[in-house]
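Structure file protein28.tsv with TSV, C-alpha atoms:
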```tsv
chain	number	residue	atom	x	y	z
F	1	MET	CA	-19.32	14.65	-28.61
F	2	LYS	CA	-16.09	13.05	-29.72
F	3	TYR	CA	-12.85	14.04	-28.09
F	4	HIS	CA	-9.23	13.15	-28.68
F	5	ALA	CA	-6.98	12.74	-25.68
F	6	SER	CA	-3.19	12.53	-25.46
F	7	VAL	CA	-1.55	11.19	-22.34
F	8	ASP	CA	2.13	11.71	-21.49
F	9	ILE	CA	3.40	9.26	-18.89
F	10	THR	CA	6.73	9.76	-17.14
F	11	LEU	CA	8.36	8.19	-14.12
F	12	ARG	CA	7.53	10.09	-10.95
F	13	GLN	CA	10.03	12.69	-9.84
F	14	GLY	CA	12.36	11.02	-7.38
F	15	ILE	CA	12.49	7.71	-9.26
F	16	LEU	CA	15.70	7.40	-11.22
F	17	ASP	CA	14.90	7.39	-14.94
F	18	VAL	CA	17.69	5.10	-16.07
F	19	GLN	CA	16.69	5.26	-19.74
F	20	GLY	CA	16.73	9.06	-19.65
F	21	LYS	CA	20.11	9.08	-17.90
F	22	THR	CA	21.61	6.65	-20.41
F	23	VAL	CA	20.40	8.71	-23.36
F	24	GLU	CA	21.65	11.90	-21.67
F	25	HIS	CA	25.12	10.37	-21.24
F	26	ALA	CA	25.13	9.34	-24.90
F	27	LEU	CA	24.13	12.86	-25.96
F	28	HIS	CA	26.90	14.32	-23.82
F	29	SER	CA	29.43	12.05	-25.51
F	30	MET	CA	28.36	13.59	-28.83
F	31	GLU	CA	28.15	17.31	-29.50
F	32	PHE	CA	25.11	17.85	-27.25
F	33	GLY	CA	26.73	18.75	-23.95
F	34	SER	CA	24.19	21.51	-23.36
F	35	ILE	CA	21.29	19.04	-23.06
F	36	SER	CA	20.15	18.08	-19.56
F	37	ASN	CA	17.21	16.51	-17.73
F	38	VAL	CA	16.44	13.92	-20.41
F	39	ARG	CA	13.36	11.95	-19.38
F	40	ILE	CA	11.83	9.10	-21.30
F	41	GLY	CA	8.20	8.15	-20.95
F	42	LYS	CA	5.24	6.81	-22.85
F	43	PHE	CA	2.74	8.52	-25.08
F	44	VAL	CA	-0.83	7.22	-25.39
F	45	GLU	CA	-3.53	8.72	-27.59
F	46	LEU	CA	-7.17	7.76	-27.72
F	47	ASN	CA	-10.62	8.91	-28.77
F	48	ILE	CA	-13.50	9.16	-26.33
F	49	GLU	CA	-17.21	9.94	-26.56
F	50	ALA	CA	-18.39	12.22	-23.76
F	51	PRO	CA	-21.02	14.93	-23.20
F	52	THR	CA	-18.45	17.64	-22.38
F	53	GLN	CA	-14.71	18.22	-22.50
F	54	ASP	CA	-14.56	18.13	-18.70
F	55	SER	CA	-16.31	14.78	-18.51
F	56	ALA	CA	-13.99	13.43	-21.22
F	57	TYR	CA	-11.02	14.58	-19.14
F	58	GLU	CA	-12.41	12.97	-15.99
F	59	ALA	CA	-13.02	9.65	-17.75
F	60	VAL	CA	-9.49	9.59	-19.21
F	61	LYS	CA	-8.07	10.50	-15.79
F	62	ALA	CA	-9.94	7.56	-14.22
F	63	ALA	CA	-8.63	5.25	-16.97
F	64	CYS	CA	-5.08	6.49	-16.30
F	65	GLU	CA	-5.36	5.89	-12.57
F	66	LYS	CA	-6.80	2.42	-13.09
F	67	LEU	CA	-4.79	1.07	-16.02
F	68	ILE	CA	-2.94	3.42	-18.36
F	69	ALA	CA	-0.46	4.61	-15.71
F	70	ASN	CA	0.71	3.17	-12.40
F	71	PRO	CA	0.42	6.10	-9.96
F	72	ILE	CA	2.87	4.39	-7.58
F	73	MET	CA	5.72	5.07	-9.98
F	74	GLU	CA	4.36	7.20	-12.82
F	75	ASP	CA	2.98	10.70	-13.36
F	76	PHE	CA	0.66	11.46	-16.25
F	77	HIS	CA	-0.46	14.57	-18.09
F	78	ILE	CA	-3.66	14.60	-20.16
F	79	THR	CA	-4.57	16.93	-23.02
F	80	VAL	CA	-8.13	16.72	-24.39
F	81	LYS	CA	-9.30	18.30	-27.66
F	82	GLU	CA	-12.61	18.16	-29.44
F	83	VAL	CA	-12.54	16.15	-32.69
F	84	ALA	CA	-13.93	18.30	-35.50
G	1	MET	CA	-11.39	-35.55	-2.77
G	2	SER	CA	-7.66	-35.97	-2.52
G	3	SER	CA	-6.12	-35.60	0.89
G	4	LYS	CA	-3.13	-33.82	-0.60
G	5	VAL	CA	-2.67	-30.06	-0.64
G	6	GLN	CA	-3.97	-28.64	-3.93
G	7	PHE	CA	-2.13	-25.95	-5.90
G	8	GLY	CA	-3.57	-24.05	-8.86
G	9	VAL	CA	-1.17	-22.46	-11.35
G	10	VAL	CA	-2.72	-19.64	-13.40
G	11	GLN	CA	-1.91	-19.58	-17.10
G	12	PHE	CA	-2.04	-16.16	-18.73
G	13	PRO	CA	-1.25	-15.68	-22.43
G	14	GLY	CA	2.53	-15.31	-22.27
G	15	SER	CA	3.13	-17.20	-19.02
G	16	ASN	CA	6.24	-19.31	-19.53
G	17	CYS	CA	7.10	-20.69	-16.09
G	18	ASP	CA	3.71	-22.32	-15.63
G	19	ASN	CA	5.01	-25.84	-16.27
G	20	ASP	CA	7.95	-25.31	-13.91
G	21	ALA	CA	5.56	-24.11	-11.20
G	22	LEU	CA	3.29	-27.10	-11.82
G	23	TYR	CA	6.26	-29.47	-11.55
G	24	ALA	CA	7.56	-27.82	-8.37
G	25	THR	CA	4.15	-28.11	-6.71
G	26	SER	CA	3.38	-31.68	-7.81
G	27	HIS	CA	6.73	-33.52	-8.04
G	28	ALA	CA	9.13	-31.65	-5.77
G	29	VAL	CA	6.71	-31.70	-2.82
G	30	ASP	CA	3.96	-34.05	-1.66
G	31	ALA	CA	1.04	-32.14	-3.17
G	32	GLU	CA	-1.10	-32.01	-6.31
G	33	SER	CA	-1.24	-29.20	-8.82
G	34	ARG	CA	-3.30	-28.21	-11.84
G	35	PHE	CA	-3.53	-25.32	-14.27
G	36	LEU	CA	-6.14	-22.58	-13.97
G	37	TRP	CA	-6.92	-20.81	-17.27
G	38	HIS	CA	-6.93	-17.00	-17.18
G	39	LYS	CA	-10.48	-16.84	-18.55
G	40	GLU	CA	-11.95	-18.92	-15.76
G	41	THR	CA	-14.38	-17.09	-13.51
G	42	ALA	CA	-14.14	-19.40	-10.50
G	43	ILE	CA	-11.37	-21.01	-8.51
G	44	PRO	CA	-12.22	-24.65	-7.73
G	45	ALA	CA	-13.31	-25.05	-4.11
G	46	ASP	CA	-10.56	-27.54	-3.23
G	47	ILE	CA	-7.67	-25.24	-4.29
G	48	ASP	CA	-5.54	-24.31	-1.26
G	49	CYS	CA	-3.00	-22.06	-2.95
G	50	VAL	CA	-2.95	-20.11	-6.22
G	51	ILE	CA	0.34	-19.51	-7.99
G	52	LEU	CA	0.82	-16.72	-10.53
G	53	PRO	CA	3.85	-17.92	-12.49
G	54	GLY	CA	6.62	-16.10	-14.30
G	55	GLY	CA	6.58	-15.08	-17.92
G	56	PHE	CA	5.54	-12.15	-20.05
G	57	SER	CA	1.78	-12.04	-19.67
G	58	TYR	CA	0.17	-10.09	-22.51
G	59	GLY	CA	3.63	-9.39	-23.90
G	60	ASP	CA	4.41	-7.07	-20.96
G	61	TYR	CA	2.41	-4.48	-22.95
G	62	LEU	CA	1.92	-1.13	-21.19
G	63	ARG	CA	3.65	-2.35	-17.99
G	64	SER	CA	4.56	-5.82	-16.77
G	65	GLY	CA	1.46	-7.39	-15.23
G	66	ALA	CA	-0.81	-4.41	-15.97
G	67	ILE	CA	-3.12	-6.21	-18.41
G	68	ALA	CA	-3.06	-9.62	-16.71
G	69	ARG	CA	-4.26	-7.94	-13.55
G	70	PHE	CA	-7.64	-7.35	-15.29
G	71	SER	CA	-8.04	-10.86	-16.74
G	72	PRO	CA	-11.22	-12.64	-15.57
G	73	ILE	CA	-9.53	-15.01	-13.13
G	74	MET	CA	-7.84	-12.15	-11.26
G	75	LYS	CA	-11.17	-11.00	-9.86
G	76	GLU	CA	-11.43	-14.46	-8.29
G	77	VAL	CA	-7.80	-14.47	-7.16
G	78	ILE	CA	-8.36	-11.14	-5.40
G	79	ALA	CA	-11.51	-12.49	-3.71
G	80	PHE	CA	-9.65	-15.71	-2.79
G	81	ALA	CA	-6.82	-13.68	-1.23
G	82	ASN	CA	-9.27	-11.45	0.61
G	83	ARG	CA	-10.87	-14.59	2.10
G	84	GLY	CA	-7.44	-15.55	3.43
G	85	GLY	CA	-6.48	-17.92	0.59
G	86	TYR	CA	-2.76	-18.35	-0.06
G	87	VAL	CA	-1.43	-16.67	-3.21
G	88	VAL	CA	2.12	-16.73	-4.54
G	89	GLY	CA	3.40	-14.54	-7.36
G	90	ILE	CA	6.76	-15.37	-8.88
G	91	CYS	CA	8.52	-12.84	-11.13
G	92	ASN	CA	5.76	-11.72	-13.55
G	93	GLY	CA	3.32	-13.08	-10.95
G	94	PHE	CA	4.82	-10.68	-8.38
G	95	GLN	CA	4.34	-7.83	-10.88
G	96	VAL	CA	0.70	-8.87	-11.36
G	97	LEU	CA	0.15	-8.91	-7.57
G	98	THR	CA	1.49	-5.37	-7.17
G	99	GLU	CA	-0.56	-4.13	-10.12
G	100	ALA	CA	-3.63	-5.76	-8.54
G	101	GLY	CA	-2.92	-4.04	-5.23
G	102	LEU	CA	-2.60	-7.36	-3.36
G	103	LEU	CA	0.98	-6.41	-2.50
G	104	PRO	CA	2.26	-2.86	-1.97
G	105	GLY	CA	4.77	-1.12	-4.22
G	106	ALA	CA	5.72	-1.62	-7.85
G	107	LEU	CA	8.48	-3.24	-9.93
G	108	ALA	CA	10.35	-0.64	-11.96
G	109	ARG	CA	12.94	-1.07	-14.72
G	110	ASN	CA	16.19	-2.64	-13.51
G	111	ILE	CA	18.60	0.08	-12.51
G	112	ASN	CA	21.28	-1.14	-14.94
G	113	GLN	CA	18.79	-1.23	-17.85
G	114	LEU	CA	19.60	-4.92	-18.45
G	115	PHE	CA	17.43	-7.98	-18.58
G	116	ASN	CA	19.22	-9.92	-15.85
G	117	CYS	CA	19.31	-13.68	-16.22
G	118	LYS	CA	21.58	-15.32	-13.65
G	119	THR	CA	21.69	-16.96	-10.23
G	120	VAL	CA	21.53	-14.53	-7.32
G	121	TYR	CA	21.72	-15.12	-3.59
G	122	LEU	CA	18.89	-14.48	-1.19
G	123	LYS	CA	19.01	-14.11	2.55
G	124	THR	CA	16.01	-15.45	4.45
G	125	VAL	CA	15.17	-12.52	6.70
G	126	ASN	CA	11.78	-13.80	7.91
G	127	ASN	CA	11.10	-17.51	8.34
G	128	GLN	CA	7.91	-17.00	10.34
G	129	THR	CA	5.74	-17.10	7.18
G	130	ALA	CA	3.76	-19.77	5.35
G	131	PHE	CA	6.22	-19.36	2.46
G	132	SER	CA	9.55	-19.57	4.25
G	133	SER	CA	9.14	-21.63	7.43
G	134	SER	CA	11.22	-24.47	5.97
G	135	TYR	CA	14.30	-22.24	5.90
G	136	GLU	CA	16.54	-21.35	8.81
G	137	LEU	CA	16.52	-17.67	9.63
G	138	GLY	CA	19.48	-16.09	7.84
G	139	SER	CA	19.99	-18.99	5.46
G	140	ILE	CA	21.36	-18.12	2.02
G	141	LEU	CA	19.70	-19.53	-1.09
G	142	GLY	CA	21.00	-19.51	-4.66
G	143	VAL	CA	18.01	-18.79	-6.89
G	144	PRO	CA	17.87	-17.71	-10.54
G	145	ILE	CA	16.40	-14.43	-11.71
G	146	ALA	CA	15.24	-13.57	-15.23
G	147	HIS	CA	13.65	-10.14	-15.46
G	148	GLY	CA	13.97	-6.63	-16.84
G	149	GLU	CA	11.59	-4.99	-14.38
G	150	GLY	CA	12.42	-6.24	-10.91
G	151	ASN	CA	13.48	-3.05	-9.19
G	152	TYR	CA	11.23	-3.03	-6.13
G	153	PHE	CA	9.97	0.46	-5.46
G	154	ALA	CA	7.59	1.89	-2.86
G	155	ASP	CA	7.42	5.27	-1.15
G	156	ALA	CA	9.33	5.79	2.09
G	157	ASN	CA	6.28	5.28	4.31
G	158	THR	CA	5.38	2.00	2.65
G	159	ILE	CA	8.94	0.72	3.02
G	160	LYS	CA	8.92	1.73	6.68
G	161	GLU	CA	5.63	-0.08	7.20
G	162	LEU	CA	6.82	-3.20	5.33
G	163	GLU	CA	9.98	-3.41	7.39
G	164	GLY	CA	8.23	-2.51	10.65
G	165	ASN	CA	5.72	-5.33	10.13
G	166	ASN	CA	8.46	-7.77	9.16
G	167	GLN	CA	6.88	-8.23	5.71
G	168	VAL	CA	10.20	-8.62	3.89
G	169	VAL	CA	10.92	-12.36	3.49
G	170	PHE	CA	13.98	-12.44	1.24
G	171	ARG	CA	16.68	-9.87	0.46
G	172	TYR	CA	19.39	-10.01	-2.20
G	173	SER	CA	22.68	-10.73	-0.47
G	174	GLU	CA	26.24	-11.89	-0.90
G	175	THR	CA	26.90	-15.57	-0.23
G	176	ASN	CA	28.19	-14.53	3.20
G	177	GLY	CA	24.88	-12.83	3.99
G	178	LEU	CA	26.00	-9.22	3.60
G	179	LEU	CA	23.37	-7.01	1.98
G	180	THR	CA	25.43	-5.05	-0.54
G	181	ASP	CA	24.73	-2.99	-3.66
G	182	SER	CA	26.77	-5.43	-5.73
G	183	SER	CA	24.53	-8.34	-4.71
G	184	ASN	CA	21.41	-6.38	-5.65
G	185	PRO	CA	20.75	-7.23	-9.32
G	186	ASN	CA	18.10	-4.63	-10.10
G	187	GLY	CA	18.31	-1.68	-7.70
G	188	SER	CA	15.50	-2.80	-5.39
G	189	ILE	CA	15.13	-0.59	-2.31
G	190	ASN	CA	16.95	-2.14	0.66
G	191	ASN	CA	17.70	-5.26	-1.46
G	192	ILE	CA	14.07	-6.39	-1.23
G	193	ALA	CA	13.54	-9.60	-3.24
G	194	GLY	CA	10.33	-10.99	-1.74
G	195	ILE	CA	7.52	-9.67	0.47
G	196	ILE	CA	4.26	-10.75	2.06
G	197	ASN	CA	1.10	-8.75	2.61
G	198	LYS	CA	0.15	-7.59	6.07
G	199	SER	CA	-2.05	-10.61	6.79
G	200	GLY	CA	0.64	-13.02	5.63
G	201	ASN	CA	-1.32	-14.96	2.98
G	202	VAL	CA	-0.03	-13.26	-0.19
G	203	PHE	CA	3.61	-13.55	-1.19
G	204	GLY	CA	5.58	-12.22	-4.14
G	205	MET	CA	9.22	-12.63	-5.14
G	206	MET	CA	11.20	-11.78	-8.28
G	207	PRO	CA	13.62	-14.79	-8.21
G	208	HIS	CA	12.41	-18.20	-9.41
G	209	PRO	CA	12.35	-20.83	-6.63
G	210	GLU	CA	10.49	-23.25	-8.95
G	211	ARG	CA	13.60	-23.45	-11.14
G	212	VAL	CA	15.70	-24.89	-8.32
G	213	CYS	CA	13.49	-27.70	-7.06
G	214	ASP	CA	15.10	-30.79	-8.56
G	215	PRO	CA	18.62	-32.17	-7.88
G	216	LEU	CA	18.88	-32.87	-11.63
G	217	LEU	CA	18.93	-29.11	-12.17
G	218	GLY	CA	21.80	-28.69	-9.75
G	219	SER	CA	20.04	-27.26	-6.72
G	220	THR	CA	16.99	-27.64	-4.54
G	221	ASP	CA	17.37	-24.29	-2.78
G	222	GLY	CA	13.92	-23.17	-3.92
G	223	VAL	CA	11.89	-26.17	-2.78
G	224	GLY	CA	11.56	-24.74	0.73
G	225	VAL	CA	9.05	-22.15	-0.51
G	226	PHE	CA	6.67	-24.90	-1.64
G	227	GLN	CA	7.56	-27.19	1.27
G	228	SER	CA	6.65	-24.39	3.68
G	229	LEU	CA	3.29	-23.98	1.95
G	230	VAL	CA	2.51	-27.70	2.04
G	231	HIS	CA	3.34	-27.71	5.73
G	232	ALA	CA	1.13	-24.65	6.39
G	233	LEU	CA	-1.76	-25.94	4.28
G	234	GLN	CA	-1.83	-29.60	5.29
G	235	SER	CA	-3.93	-28.96	8.36
G	236	VAL	CA	-6.21	-26.53	6.47
G	237	HIS	CA	-6.79	-28.97	3.60
G	238	ALA	CA	-7.56	-32.03	5.72
```
Mind turning the file's structure into C-alpha cells?
Amino acid sequence: MKYHASVDITLRQGILDVQGKTVEHALHSMEFGSISNVRIGKFVELNIEAPTQDSAYEAVKAACEKLIANPIMEDFHITVKEVA
Amino acid sequence: MSSKVQFGVVQFPGSNCDNDALYATSHAVDAESRFLWHKETAIPADIDCVILPGGFSYGDYLRSGAIARFSPIMKEVIAFANRGGYVVGICNGFQVLTEAGLLPGALARNINQLFNCKTVYLKTVNNQTAFSSSYELGSILGVPIAHGEGNYFADANTIKELEGNNQVVFRYSETNGLLTDSSNPNGSINNIAGIINKSGNVFGMMPHPERVCDPLLGSTDGVGVFQSLVHALQSVHA
C-alpha cells in the first residue's frame, strides 16, 4: 500500500524559538496585537510503501528519530494518509 | 612511514575550512596532514587524528551537519573514535559530531538570529585535555567565529554531567575572563564554546582555531589546539 505522510517539526517546548518570537514582535507592531505563541518549524512530506497504516507510521517515526528531526531539540508530529 | 603525527581532514561537499585546517596541521605545527574524502570507507591506518572542518556540508540542508553525519566516512570516524582515536570537529564539524552522537547536545539557531562573523574571546577552563594542554588554565584566546547555528543546547542533566566531569574546555568570555551574556555570541548555555566527550578523545568547538595559526594573519591564539594534539599524539605515533 502507498501512504502519504506529513511531518511537522517544531523546536521542543522550553527552547526559545527566536524566529517565532521575532515574527510575533513584528505582528504586534502591525495590527495583529491579538496574536500570541507564534512558533516556526519545518514541514516535510513524503510517500511511503508499507503493508499497513500503522507500519507506515512506525517507519516514518523511525526516520524522524534518526534523521528528519533532532529529538534533542525538536518535537515532531506525523500524519499518515492512504494514497488513493 | 613518517615519524611525524598524521592528521586527516575530512572533506564533505560544502566544507570550506578544509584548506585552513590542513594548513594549521601541516605548517603551523610539526606534523603532516592530508585530506580524507567523504566517500571513503576506510581511514588510513597511520592517521592519528581526524579533523571535521568548518563549512556548510550538504548546504546545511535539514539541519547543520545532519546529512554529513550519514556520509560513508562518518561510519569510519565513529568507529575510529570508539577505538579511542582523536577526533576534532570545528564549527560545522562540531555540529556533525553532535548529530552523530559522538558529543552530547545540539547546536541551535543563534539566539540573536544573526550569522555571527567576528572575533570572540574564549577562556580556557580545562587544560587537562589532549586539545588544550598547551594553554595555561584560565588563559584568554581571541578566536574568530562564523556561524548561524552555534547556540549550544543540552538538557539540564546533560549540562550537569558535562560540567561535573569537567568536559567543558572553552567558554565564551570577556577579555578579562568574566563569563558574561554580552561575551556569549550565540546564547550557548553557560557560555559553552567547546567540549570533549567523557573519554577525552573527541572534541568539538564552534570558534575557528585554524584561522588564527599564522602570525601573518595577526594572531596565533589558535595554534595551541593543534600543538596540544601533536604533543599528545607524538608518543602514540612513534
Chain F contacts to chain G at 10 Å (only C-alpha atoms) as a short mmCIF file (atom, residue, chain, number, x, y, z; two decimals) with C-alpha atoms, in the coordinates of the input:
```cif
data_model
loop_
_atom_site.label_atom_id
_atom_site.label_comp_id
_atom_site.auth_asym_id
_atom_site.auth_seq_id
_atom_site.Cartn_x
_atom_site.Cartn_y
_atom_site.Cartn_z
CA LEU F 11 8.36 8.19 -14.12
CA GLY F 14 12.36 11.02 -7.38
CA ILE F 15 12.49 7.71 -9.26
CA LEU F 16 15.70 7.40 -11.22
CA ASP F 17 14.90 7.39 -14.94
CA VAL F 18 17.69 5.10 -16.07
CA GLN F 19 16.69 5.26 -19.74
CA THR F 22 21.61 6.65 -20.41
CA LYS F 42 5.24 6.81 -22.85
CA VAL F 44 -0.83 7.22 -25.39
CA LYS F 66 -6.80 2.42 -13.09
CA LEU F 67 -4.79 1.07 -16.02
CA ILE F 68 -2.94 3.42 -18.36
CA ALA F 69 -0.46 4.61 -15.71
CA ASN F 70 0.71 3.17 -12.40
CA PRO F 71 0.42 6.10 -9.96
CA ILE F 72 2.87 4.39 -7.58
CA MET F 73 5.72 5.07 -9.98
CA GLU F 74 4.36 7.20 -12.82
#
```
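A straight line drawn from CA of Asp75 (chain F) to CA of Gly164 (chain G) is 27.9 Å long.
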Practice problem: Choose the residue, out of F:Glu24, F:Glu58, F:Glu65, F:Asp8, that has the smallest atom-to-atom separation from Gly41 (chain F); count only C-alpha atoms. | Solution: F:Asp8
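Note that CA of Asn184 (chain G) and CA of Asn126 (chain G) are 18.2 Å apart.
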Let me have the centre and edge lengths in Å, one decimal, of the box along x, y and z around every listed atom of region 40-49 of chain F with 8 Å of margin on each side, as lines of an AutoDock Vina configuration file.
```
center_x = -2.7
center_y = 8.4
center_z = -24.9
size_x = 45.0
size_y = 19.1
size_z = 23.8
```
Quiz item: Contacts of Thr180 (chain G) at 10 Å or less, counting all atoms listed in the file, minus same-chain residues fewer than 4 places along, as a ChimeraX atom specification?
Solution: /G:172-174,184,190-191
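Residue nearest Phe131 (chain G), chosen from G:Asn176, G:Ser228, G:Thr220, G:Thr119 and counting only C-alpha atoms: G:Ser228.
Coordinates place CA of Ala28 (chain G) at a distance of 24.5 Å from CA of Ala81 (chain G).
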Self-check item: Option closest in space to Tyr135 (chain G), from G:Leu22, G:Val169, G:Val120, G:Leu216 [counting only C-alpha atoms]
Solution: G:Val169
Quiz item: Leaving out Lys198 (chain G) and any residue of its chain fewer than 6 positions from it, which residues lie within 9 Å of it when counting all atoms listed in the file, given as a ChimeraX atom specification?
Solution: /G:103,162,165-167
Coordinates of region 14-25 of chain G, C-alpha atoms, as a PDB file, in the first residue's frame:
```pdb
ATOM      1  CA  GLY G  14      30.351  22.208   1.200  1.00  0.00           C
ATOM      2  CA  SER G  15      33.314  22.100   3.592  1.00  0.00           C
ATOM      3  CA  ASN G  16      35.104  25.432   3.268  1.00  0.00           C
ATOM      4  CA  CYS G  17      37.665  25.473   6.090  1.00  0.00           C
ATOM      5  CA  ASP G  18      39.321  22.261   4.948  1.00  0.00           C
ATOM      6  CA  ASN G  19      42.369  24.024   3.499  1.00  0.00           C
ATOM      7  CA  ASP G  20      42.768  26.159   6.625  1.00  0.00           C
ATOM      8  CA  ALA G  21      42.637  23.026   8.783  1.00  0.00           C
ATOM      9  CA  LEU G  22      45.166  21.305   6.527  1.00  0.00           C
ATOM     10  CA  TYR G  23      47.495  24.317   6.766  1.00  0.00           C
ATOM     11  CA  ALA G  24      47.139  24.549  10.553  1.00  0.00           C
ATOM     12  CA  THR G  25      48.000  20.869  10.960  1.00  0.00           C
TER      13      THR G  25
END
```
